[in-house]
$ cat work.txt   # compact mmCIF, C-alpha atoms
# COMPACT_ATOMS: atom_id res chain seq x y z
CA MET A 29 -11.77 -14.41 -17.93
CA ARG A 30 -12.70 -14.55 -21.60
CA GLU A 31 -16.38 -14.54 -20.60
CA TRP A 32 -15.73 -11.48 -18.43
CA LEU A 33 -13.71 -9.48 -20.96
CA ARG A 34 -15.34 -10.35 -24.29
CA PRO A 35 -18.66 -8.49 -23.73
CA ASP A 36 -16.67 -5.27 -23.15
CA GLY A 37 -15.04 -5.52 -26.56
CA VAL A 38 -11.59 -6.64 -25.36
CA PRO A 39 -9.96 -9.18 -27.75
CA VAL A 40 -9.50 -12.40 -25.77
CA ASP A 41 -7.39 -14.67 -27.97
CA HIS A 42 -4.45 -14.37 -25.55
CA VAL A 43 -5.00 -14.20 -21.78
CA THR A 44 -2.52 -14.40 -18.92
CA PHE A 45 -2.38 -13.81 -15.14
CA ALA A 46 -0.25 -11.91 -12.62
CA HIS A 47 -0.05 -11.06 -8.92
CA GLY A 48 -1.92 -7.78 -9.29
CA ALA A 49 -1.96 -4.99 -11.85
CA LEU A 50 1.22 -3.31 -10.62
CA ASP A 51 3.03 -6.65 -10.73
CA LEU A 52 2.03 -7.18 -14.34
CA ILE A 53 2.82 -3.62 -15.43
CA ALA A 54 6.21 -3.72 -13.70
CA ARG A 55 7.10 -7.01 -15.40
CA LEU A 56 6.11 -5.71 -18.82
CA MET A 57 8.08 -2.50 -18.39
CA SER A 58 11.15 -4.42 -17.28
CA VAL A 59 11.15 -6.63 -20.37
CA GLU A 60 9.94 -4.07 -22.93
CA LEU A 61 11.87 -0.96 -21.85
CA ARG A 62 15.36 0.07 -20.81
CA PRO A 63 16.45 2.67 -18.22
CA GLY A 64 16.00 6.14 -19.66
CA ASP A 65 13.13 5.17 -21.97
CA ALA A 66 10.12 7.49 -21.91
CA VAL A 67 6.66 6.38 -20.77
CA ALA A 68 3.49 8.44 -21.27
CA MET A 69 1.73 8.73 -17.91
CA GLU A 70 -1.58 10.31 -16.90
CA ASP A 71 -1.18 13.67 -15.16
CA PRO A 72 -2.54 13.71 -12.53
CA GLY A 73 -2.21 9.94 -12.26
CA TYR A 74 -2.00 7.05 -9.83
CA HIS A 75 0.96 7.72 -7.54
CA HIS A 76 2.11 4.09 -7.27
CA LEU A 77 2.41 3.87 -11.05
CA LEU A 78 4.37 7.12 -11.14
CA ASP A 79 6.66 5.77 -8.41
CA LEU A 80 7.06 2.51 -10.33
CA VAL A 81 8.24 4.30 -13.46
CA THR A 82 10.86 6.16 -11.42
CA ALA A 83 11.98 3.00 -9.61
CA LEU A 84 12.60 1.26 -12.94
CA GLY A 85 14.79 4.10 -14.13
CA LEU A 86 12.29 5.19 -16.77
CA ARG A 87 11.28 8.72 -17.66
CA ALA A 88 7.66 9.77 -17.16
CA VAL A 89 6.20 12.06 -19.81
CA PRO A 90 3.03 13.77 -18.49
CA VAL A 91 -0.20 13.41 -20.45
CA ALA A 92 -2.95 15.75 -19.28
CA VAL A 93 -6.38 14.31 -18.46
CA ASP A 94 -9.92 15.64 -18.27
CA ASP A 95 -13.34 14.14 -17.57
CA GLN A 96 -12.97 11.88 -20.64
CA GLY A 97 -9.54 10.56 -19.69
CA ILE A 98 -6.26 11.38 -21.43
CA ARG A 99 -6.46 14.29 -23.86
CA PRO A 100 -5.60 13.65 -27.52
CA ASP A 101 -3.50 16.82 -27.82
CA ALA A 102 -1.44 15.78 -24.81
CA LEU A 103 -0.99 12.24 -26.13
CA ARG A 104 0.10 13.62 -29.50
CA GLY A 105 2.80 15.64 -27.76
CA ALA A 106 4.00 12.60 -25.80
CA LEU A 107 4.19 10.46 -28.94
CA ARG A 108 6.23 13.16 -30.67
CA ALA A 109 8.55 13.14 -27.66
CA GLY A 110 9.34 9.49 -28.42
CA VAL A 111 7.57 7.57 -25.66
CA ARG A 112 7.95 3.80 -25.85
CA ALA A 113 4.81 2.99 -23.83
CA LEU A 114 1.54 4.49 -22.62
CA VAL A 115 -0.11 3.61 -19.30
CA CYS A 116 -3.70 4.78 -18.90
CA SER A 117 -7.06 4.01 -17.27
CA PRO A 118 -10.12 3.75 -19.52
CA ARG A 119 -12.57 4.53 -16.69
CA ALA A 120 -12.62 5.54 -13.01
CA GLN A 121 -9.24 7.20 -13.52
CA ASN A 122 -7.38 7.71 -10.27
CA PRO A 123 -7.38 10.47 -9.03
CA TYR A 124 -9.29 12.62 -11.57
CA GLY A 125 -12.18 10.21 -12.19
CA GLY A 126 -12.25 10.48 -15.98
CA CYS A 127 -13.82 7.84 -18.25
CA PHE A 128 -13.22 7.33 -21.96
CA SER A 129 -16.16 8.24 -24.16
CA ALA A 130 -16.50 6.41 -27.48
CA GLU A 131 -15.41 9.57 -29.30
CA ARG A 132 -12.36 10.05 -27.06
CA ARG A 133 -11.38 6.39 -27.46
CA ASP A 134 -11.56 6.68 -31.26
CA ALA A 135 -9.46 9.86 -31.28
CA LEU A 136 -6.78 8.21 -29.13
CA VAL A 137 -6.75 5.06 -31.25
CA ASP A 138 -6.22 7.14 -34.39
CA LEU A 139 -3.09 8.63 -32.83
CA LEU A 140 -1.76 5.33 -31.50
CA ARG A 141 -2.13 3.57 -34.85
CA GLU A 142 0.48 5.98 -36.20
CA GLU A 143 2.98 4.62 -33.64
CA PRO A 144 2.55 0.82 -33.85
CA GLU A 145 5.63 0.02 -31.71
CA VAL A 146 4.31 1.90 -28.66
CA LEU A 147 3.07 -0.54 -26.01
CA VAL A 148 -0.40 0.52 -24.79
CA VAL A 149 -1.11 -0.59 -21.20
CA GLU A 150 -4.78 -0.16 -20.27
CA ASN A 151 -5.35 -0.51 -16.53
CA ASP A 152 -9.06 -1.18 -15.85
CA HIS A 153 -8.50 -1.28 -12.09
CA ALA A 154 -12.11 -0.59 -11.01
CA SER A 155 -13.90 -2.71 -13.67
CA ALA A 156 -16.90 -4.27 -11.89
CA VAL A 157 -17.48 -1.27 -9.60
CA ALA A 158 -16.89 1.37 -12.28
CA ASP A 159 -20.24 2.98 -13.07
CA ALA A 160 -19.33 3.65 -16.70
CA PRO A 161 -19.15 1.48 -19.83
CA LEU A 162 -15.74 0.37 -21.03
CA HIS A 163 -14.58 2.04 -24.24
CA THR A 164 -11.37 0.12 -24.66
CA LEU A 165 -8.40 1.13 -26.77
CA THR A 166 -7.67 -2.55 -27.32
CA ALA A 167 -10.61 -2.89 -29.71
CA GLY A 168 -8.92 -0.48 -32.12
CA GLY A 169 -6.65 -2.94 -33.92
CA LEU A 170 -3.43 -1.79 -32.23
CA ARG A 171 -0.29 -3.87 -32.68
CA ARG A 172 1.11 -3.77 -29.12
CA TRP A 173 -1.40 -3.66 -26.27
CA VAL A 174 -2.48 -5.16 -22.96
CA HIS A 175 -5.70 -4.76 -20.97
CA VAL A 176 -5.26 -5.42 -17.24
CA ARG A 177 -7.96 -6.20 -14.69
CA THR A 178 -7.60 -6.80 -10.98
CA VAL A 179 -10.14 -7.58 -8.25
CA SER A 180 -8.59 -5.78 -5.28
CA LYS A 181 -11.06 -2.87 -5.50
CA PHE A 182 -14.13 -5.05 -5.01
CA LEU A 183 -13.19 -8.57 -3.87
CA GLY A 184 -10.44 -7.60 -1.42
CA PRO A 185 -6.94 -6.08 -1.49
CA ASP A 186 -5.36 -9.33 -0.31
CA LEU A 187 -6.50 -11.17 -3.44
CA ARG A 188 -3.23 -10.41 -5.24
CA TRP A 189 -4.45 -11.47 -8.66
CA ALA A 190 -4.83 -9.82 -12.04
CA ALA A 191 -5.79 -11.00 -15.50
CA ALA A 192 -4.65 -9.52 -18.78
CA ALA A 193 -5.59 -9.87 -22.41
CA CYS A 194 -2.85 -8.86 -24.81
CA ASP A 195 -1.26 -9.30 -28.21
CA PRO A 196 0.77 -12.53 -28.74
CA LEU A 197 4.21 -10.88 -28.51
CA THR A 198 3.34 -9.19 -25.22
CA LEU A 199 1.99 -12.48 -23.90
CA ALA A 200 5.23 -14.31 -24.75
CA ARG A 201 7.47 -11.67 -23.18
CA HIS A 202 5.39 -11.40 -20.01
CA ASP A 203 5.00 -15.13 -19.44
CA GLY A 204 8.63 -15.79 -20.28
CA ARG A 205 9.76 -13.46 -17.49
CA LEU A 206 7.07 -14.81 -15.13
CA LEU A 207 8.48 -18.32 -15.55
CA LEU A 208 11.91 -17.07 -14.44
CA THR A 209 10.54 -15.48 -11.25
CA SER A 210 7.45 -16.72 -9.40
CA GLY A 211 6.67 -19.28 -12.12
CA TRP A 212 2.90 -19.01 -12.05
CA VAL A 213 -0.02 -17.52 -10.17
CA SER A 214 -1.29 -19.82 -7.42
CA HIS A 215 -4.05 -22.10 -8.67
CA LEU A 216 -5.64 -21.93 -5.21
CA LEU A 217 -5.85 -18.16 -5.61
CA GLN A 218 -7.20 -18.50 -9.14
CA GLU A 219 -9.90 -20.90 -7.93
CA ALA A 220 -10.88 -18.51 -5.13
CA VAL A 221 -11.22 -15.61 -7.57
CA HIS A 222 -13.14 -17.75 -10.05
CA GLY A 223 -15.50 -18.91 -7.34
CA LEU A 224 -16.27 -15.35 -6.27
CA LEU A 225 -16.63 -13.97 -9.79
CA THR A 226 -19.13 -16.69 -10.70
CA ASP A 227 -21.11 -16.60 -7.44
CA ASP A 228 -24.54 -14.96 -7.82
CA GLY A 229 -24.52 -13.58 -4.29
CA THR A 230 -21.10 -11.98 -4.76
CA ARG A 231 -22.14 -10.51 -8.09
CA ALA A 232 -25.21 -8.95 -6.48
CA LEU A 233 -23.12 -7.53 -3.64
CA VAL A 234 -20.61 -6.01 -6.09
CA GLY A 235 -23.50 -4.51 -8.05
CA ARG A 236 -24.86 -2.86 -4.90
CA ALA A 237 -21.38 -1.56 -4.06
CA ARG A 238 -21.15 0.04 -7.50
CA GLU A 239 -24.44 1.85 -6.92
CA VAL A 240 -23.39 3.01 -3.44
CA TYR A 241 -20.06 4.38 -4.69
CA THR A 242 -21.90 6.28 -7.42
CA ARG A 243 -24.30 7.88 -4.93
CA ARG A 244 -21.50 8.86 -2.58
CA ARG A 245 -19.33 10.36 -5.31
CA THR A 246 -22.13 12.30 -6.99
CA ALA A 247 -23.44 13.53 -3.62
CA LEU A 248 -20.11 15.16 -2.79
CA ILE A 249 -19.67 16.66 -6.25
CA GLU A 250 -23.18 18.13 -6.10
CA GLU A 251 -22.68 19.55 -2.60
CA LEU A 252 -19.42 21.14 -3.69
CA ARG A 253 -21.03 22.51 -6.85
CA THR A 254 -23.85 24.20 -4.95
CA ARG A 255 -21.15 26.05 -2.99
CA GLY A 256 -19.27 27.14 -6.09
CA VAL A 257 -16.48 24.55 -5.82
CA ALA A 258 -15.63 22.45 -8.89
CA GLY A 259 -15.06 18.74 -8.29
CA HIS A 260 -14.13 16.17 -10.93
CA GLY A 261 -15.22 12.53 -10.82
CA VAL A 262 -17.21 11.08 -13.70
CA GLY A 263 -16.57 7.56 -12.42
CA GLY A 264 -14.86 5.62 -9.67
CA MET A 265 -14.33 6.26 -5.98
CA ASN A 266 -12.40 9.54 -5.95
CA VAL A 267 -13.12 13.22 -6.44
CA TRP A 268 -10.40 15.61 -7.60
CA VAL A 269 -10.78 19.24 -6.52
CA PRO A 270 -8.45 21.89 -7.98
CA VAL A 271 -7.03 24.24 -5.33
CA ARG A 272 -4.31 26.88 -5.25
CA ASP A 273 -2.55 25.73 -2.07
CA GLU A 274 -2.65 21.99 -1.41
CA SER A 275 -0.94 22.07 1.98
CA ALA A 276 -3.21 24.79 3.33
CA VAL A 277 -6.34 22.90 2.25
CA VAL A 278 -5.11 19.53 3.56
CA ASN A 279 -4.14 20.98 6.93
CA GLY A 280 -7.29 23.09 7.12
CA LEU A 281 -9.54 20.11 6.50
CA ARG A 282 -7.59 18.05 9.02
CA SER A 283 -8.50 20.63 11.68
CA HIS A 284 -12.15 19.88 10.86
CA GLY A 285 -11.59 16.12 11.16
CA TRP A 286 -11.15 15.27 7.46
CA TRP A 287 -8.17 13.62 5.81
CA VAL A 288 -7.68 14.21 2.09
CA ALA A 289 -4.63 13.56 -0.06
CA ALA A 290 -2.47 16.39 -1.32
CA GLY A 291 -2.33 16.30 -5.10
CA ALA A 292 1.47 16.62 -5.26
CA ARG A 293 1.95 12.85 -5.02
CA PHE A 294 -0.28 12.36 -8.09
CA ARG A 295 1.06 15.18 -10.28
CA LEU A 296 3.88 15.62 -12.74
CA SER A 297 3.20 19.06 -14.24
CA SER A 298 -0.57 19.51 -13.83
CA PRO A 299 -2.02 22.26 -11.58
CA PRO A 300 -2.46 21.60 -7.84
CA GLY A 301 -5.47 19.87 -6.34
CA VAL A 302 -6.56 17.43 -3.64
CA ARG A 303 -7.96 13.93 -3.94
CA ILE A 304 -10.94 12.92 -1.83
CA SER A 305 -11.71 9.21 -1.58
CA VAL A 306 -15.47 8.82 -1.23
CA ALA A 307 -15.95 5.06 -0.92
CA GLY A 308 -16.74 5.39 2.80
CA LEU A 309 -18.38 8.82 2.70
CA GLU A 310 -22.11 8.72 3.41
CA PRO A 311 -24.19 11.25 1.43
CA ALA A 312 -25.20 12.95 4.68
CA GLU A 313 -21.52 13.40 5.54
CA ALA A 314 -20.92 14.95 2.12
CA VAL A 315 -22.95 17.97 3.21
CA ARG A 316 -20.64 18.63 6.17
CA LEU A 317 -17.48 17.95 4.17
CA ALA A 318 -18.52 20.34 1.40
CA SER A 319 -19.37 23.00 3.96
CA ASP A 320 -16.04 22.55 5.74
CA PHE A 321 -14.23 22.58 2.40
CA THR A 322 -15.81 25.92 1.54
CA THR A 323 -14.85 27.31 4.94
CA VAL A 324 -11.24 26.18 4.50
CA LEU A 325 -11.04 27.74 1.04
CA GLY A 326 -12.27 31.01 2.53
CA GLU A 327 -9.65 30.82 5.27
CA CYS A 328 -6.94 30.13 2.70
CA GLU A 329 -8.08 33.12 0.65
CA ALA A 330 -7.99 35.38 3.68
CA THR A 331 -4.66 34.05 5.02
CA TYR A 332 -2.62 33.16 1.93
CA GLY A 333 -4.44 34.96 -0.84
CA GLY A 334 -5.70 31.72 -2.45
$ encode --input "work.txt" --output "C-alpha cells"
Amino acid sequence: MREWLRPDGVPVDHVTFAHGALDLIARLMSVELRPGDAVAMEDPGYHHLLDLVTALGLRAVPVAVDDQGIRPDALRGALRAGVRALVCSPRAQNPYGGCFSAERRDALVDLLREEPEVLVVENDHASAVADAPLHTLTAGGLRRWVHVRTVSKFLGPDLRWAAAACDPLTLARHDGRLLLTSGWVSHLLQEAVHGLLTDDGTRALVGRAREVYTRRRTALIEELRTRGVAGHGVGGMNVWVPVRDESAVVNGLRSHGWWVAAGARFRLSSPPGVRISVAGLEPAEAVRLASDFTTVLGECEATYGG
C-alpha cells in the first residue's frame, strides 16, 4: 500500500485497513463524533455517504462542488458553521465528476489549516480508474486527516477491502475500535487484493478500463454539448446534467429505454439534476442517449414549462 500511495504524494507513515471505504468512514465518525455534530458533505454528493451521516445521528452541512471539486467559498462557510469533519473526493467525484486541481487543493488546504481539529476524510474511491492525477489534501501538513482507497470500482464489488493512510491519532482511534468489532481484515482477502494489484496482467486490464471509461464519459458529454445540453464530468464514471424537473426527465428517458438516477438522492441544497452512469455506455449509444435526452427536455418544456 505504501508503494501505491507514496507516488501520489500521500504520507504513508501510518497505514491501516478496513472492510471497504464506507466501513472505515463509519467507524471513524462513530469514534470521532457525537450525535448532533456537523459534518461538511459534498453537495451534490454520494448518496450512501449522505445516508450514513443521517444514520449516525450527525448533521450534514452542504458544501457546493464544481468541476474542480468542493468550492473554497462553500468550505469556508461550513467551517464557520462549526463542522467537526469534512468528507470529500479528490477526483472522480460522485455524482458531479469533479477533480481537484493543484490550485484548488492549495486553496482548500489553506482554509483547513486554520481549523486543525477538523478531521479531513479524503475518499479516493476510483483511484486506479480515475483519469486524473491525484492532488491530495493530505500532502498539505494537516493535523487530522485520512486518505481512503478501495478496489471495488475496478477489482470487484465483492472485494470488501479498503486501505487508509492517516495521522497517528486517527490510526489509533480507528484500529482501537476495529479490534473491538471484527478484529482485523481477513488476511486471505488482503493476499487476494495484493496479488491482483501486483499482477501485470491485471494492471494492464485496469489501465484499459480507465481509457474506456474516459472515452465513454467524454463521448456523452460531447454529444450533449453539441445539442446545447451542459453535462459535468471531468473524471470518473458519471455525468451530472442539471435539469429543472428531475422526475419528468427520469420518467421521460425511461419511456425511451434509458434509466438514469434522479438527483434528489444526491442533493442537500444544490439545484436539481440527474446522474448518468456511463461505465457501460458505448460511444455509439451516447449519440442516441443524447438525442433522446434533448427530445425529453423539449417535451418537459412543452408540458411543464421546464
$ residues_near_point --input "work.txt" --point "(-3.4, -7.9, -2.8)" --cutoff "12 Å" --atoms "all atoms listed in the file" --output "list of chain:residue names"
A:Ala46, A:His47, A:Gly48, A:Ala49, A:Leu50, A:Asp51, A:Thr178, A:Val179, A:Ser180, A:Lys181, A:Phe182, A:Leu183, A:Gly184, A:Pro185, A:Asp186, A:Leu187, A:Arg188, A:Trp189, A:Ala190, A:Leu217, A:Val221
$ residues_near_point --input "work.txt" --point "(-19.0, 2.4, -15.2)" --cutoff "10 Å" --atoms "only C-alpha atoms" --output "ChimeraX atom specification"
/A:118-120,127,154-162,238-239,242,262-264
$ atom_distance --input "work.txt" --atom1 "atom CA of Val234 of chain A" --atom2 "atom CA of His222 of chain A"
14.5 Å
$ atom_distance --input "work.txt" --atom1 "atom CA of Val269 of chain A" --atom2 "atom CA of Val288 of chain A"
10.4 Å
$ closest_residue --input "work.txt" --among "A:Pro63, A:Gly85, A:Gly285, A:Gly235" --to "Asp320 of chain A" --atoms "only C-alpha atoms"
A:Gly285
$ residues_around --input "work.txt" --residues "segment 88-102 of chain A" --least-positions-apart "6" --cutoff "8 Å" --atoms "all atoms listed in the file" --output "compact mmCIF listing (two decimals) with C-alpha atoms, in the frame of the given file"
# COMPACT_ATOMS: atom_id res chain seq x y z
CA ALA A 66 10.12 7.49 -21.91
CA VAL A 67 6.66 6.38 -20.77
CA ALA A 68 3.49 8.44 -21.27
CA MET A 69 1.73 8.73 -17.91
CA GLU A 70 -1.58 10.31 -16.90
CA ASP A 71 -1.18 13.67 -15.16
CA PRO A 72 -2.54 13.71 -12.53
CA LEU A 78 4.37 7.12 -11.14
CA VAL A 81 8.24 4.30 -13.46
CA THR A 82 10.86 6.16 -11.42
CA VAL A 111 7.57 7.57 -25.66
CA CYS A 116 -3.70 4.78 -18.90
CA SER A 117 -7.06 4.01 -17.27
CA PRO A 118 -10.12 3.75 -19.52
CA ARG A 119 -12.57 4.53 -16.69
CA GLN A 121 -9.24 7.20 -13.52
CA TYR A 124 -9.29 12.62 -11.57
CA GLY A 125 -12.18 10.21 -12.19
CA GLY A 126 -12.25 10.48 -15.98
CA CYS A 127 -13.82 7.84 -18.25
CA PHE A 128 -13.22 7.33 -21.96
CA SER A 129 -16.16 8.24 -24.16
CA ARG A 132 -12.36 10.05 -27.06
CA ALA A 135 -9.46 9.86 -31.28
CA LEU A 136 -6.78 8.21 -29.13
CA LEU A 139 -3.09 8.63 -32.83
CA HIS A 260 -14.13 16.17 -10.93
CA GLY A 261 -15.22 12.53 -10.82
CA VAL A 262 -17.21 11.08 -13.70
CA LEU A 296 3.88 15.62 -12.74
CA SER A 297 3.20 19.06 -14.24
CA SER A 298 -0.57 19.51 -13.83
$ residues_around --input "work.txt" --residues "segment 321-333 of chain A" --least-positions-apart "5" --cutoff "12 Å" --atoms "only C-alpha atoms" --output "MDAnalysis selection string"
chainID A and resid 248:249 251:259 269:288 302 304 314:316
$ atom_distance --input "work.txt" --atom1 "atom CA of Val176 of chain A" --atom2 "atom CA of Val149 of chain A"
7.5 Å
$ closest_residue --input "work.txt" --among "A:Thr226, A:Thr198, A:Ser214, A:Asn122" --to "Trp32 of chain A" --atoms "all atoms listed in the file"
A:Thr226
$ closest_atom_pairs --input "work.txt" --of "segment 125-204 of chain A" --to "segment 36-41 of chain A" --cutoff "8 Å" --atoms "all atoms listed in the file" --output "CSV"
residue,atom,partner,partner_atom,distance
A:Pro161,CA,A:Asp36,CA,7.9
A:Leu162,CA,A:Asp36,CA,6.1
A:His163,CA,A:Asp36,CA,7.7
A:Thr164,CA,A:Val38,CA,6.8
A:Thr166,CA,A:Val38,CA,6.0
A:Ala167,CA,A:Val38,CA,5.8
A:His175,CA,A:Val38,CA,7.6
A:Ala193,CA,A:Val40,CA,5.7
A:Cys194,CA,A:Val40,CA,7.6
$ write_last_selection --input "work.txt" --atoms "C-alpha atoms" --output "compact mmCIF listing (two decimals), in the coordinates of the input"
# COMPACT_ATOMS: atom_id res chain seq x y z
CA PRO A 161 -19.15 1.48 -19.83
CA LEU A 162 -15.74 0.37 -21.03
CA HIS A 163 -14.58 2.04 -24.24
CA THR A 164 -11.37 0.12 -24.66
CA THR A 166 -7.67 -2.55 -27.32
CA ALA A 167 -10.61 -2.89 -29.71
CA HIS A 175 -5.70 -4.76 -20.97
CA ALA A 193 -5.59 -9.87 -22.41
CA CYS A 194 -2.85 -8.86 -24.81
$ axis_aligned_box --input "work.txt" --around "segment 116-134 of chain A" --padding-each-side "6 Å" --output "JSON"
{"center_x": -10.1, "center_y": 8.2, "center_z": -20.1, "size_x": 24.8, "size_y": 20.9, "size_z": 34.2}
$ residues_around --input "work.txt" --residues "Met29 of chain A" --least-positions-apart "5" --cutoff "10 Å" --atoms "only C-alpha atoms" --output "list in words"
Arg34, Val40, Val43, Thr44, Phe45, Arg177, Ala191, Ala192, Ala193, His222 and Leu225 of chain A
$ closest_residue --input "work.txt" --among "A:Leu33, A:Leu56, A:Ala292, A:Ala109" --to "Asp203 of chain A" --atoms "all atoms listed in the file"
A:Leu56
$ closest_residue --input "work.txt" --among "A:Pro196, A:Pro123, A:Gly105, A:Gly169" --to "Arg141 of chain A" --atoms "all atoms listed in the file"
A:Gly169
$ closest_residue --input "work.txt" --among "A:Thr246, A:Asn266, A:Val146, A:Ser319" --to "Leu170 of chain A" --atoms "only C-alpha atoms"
A:Val146
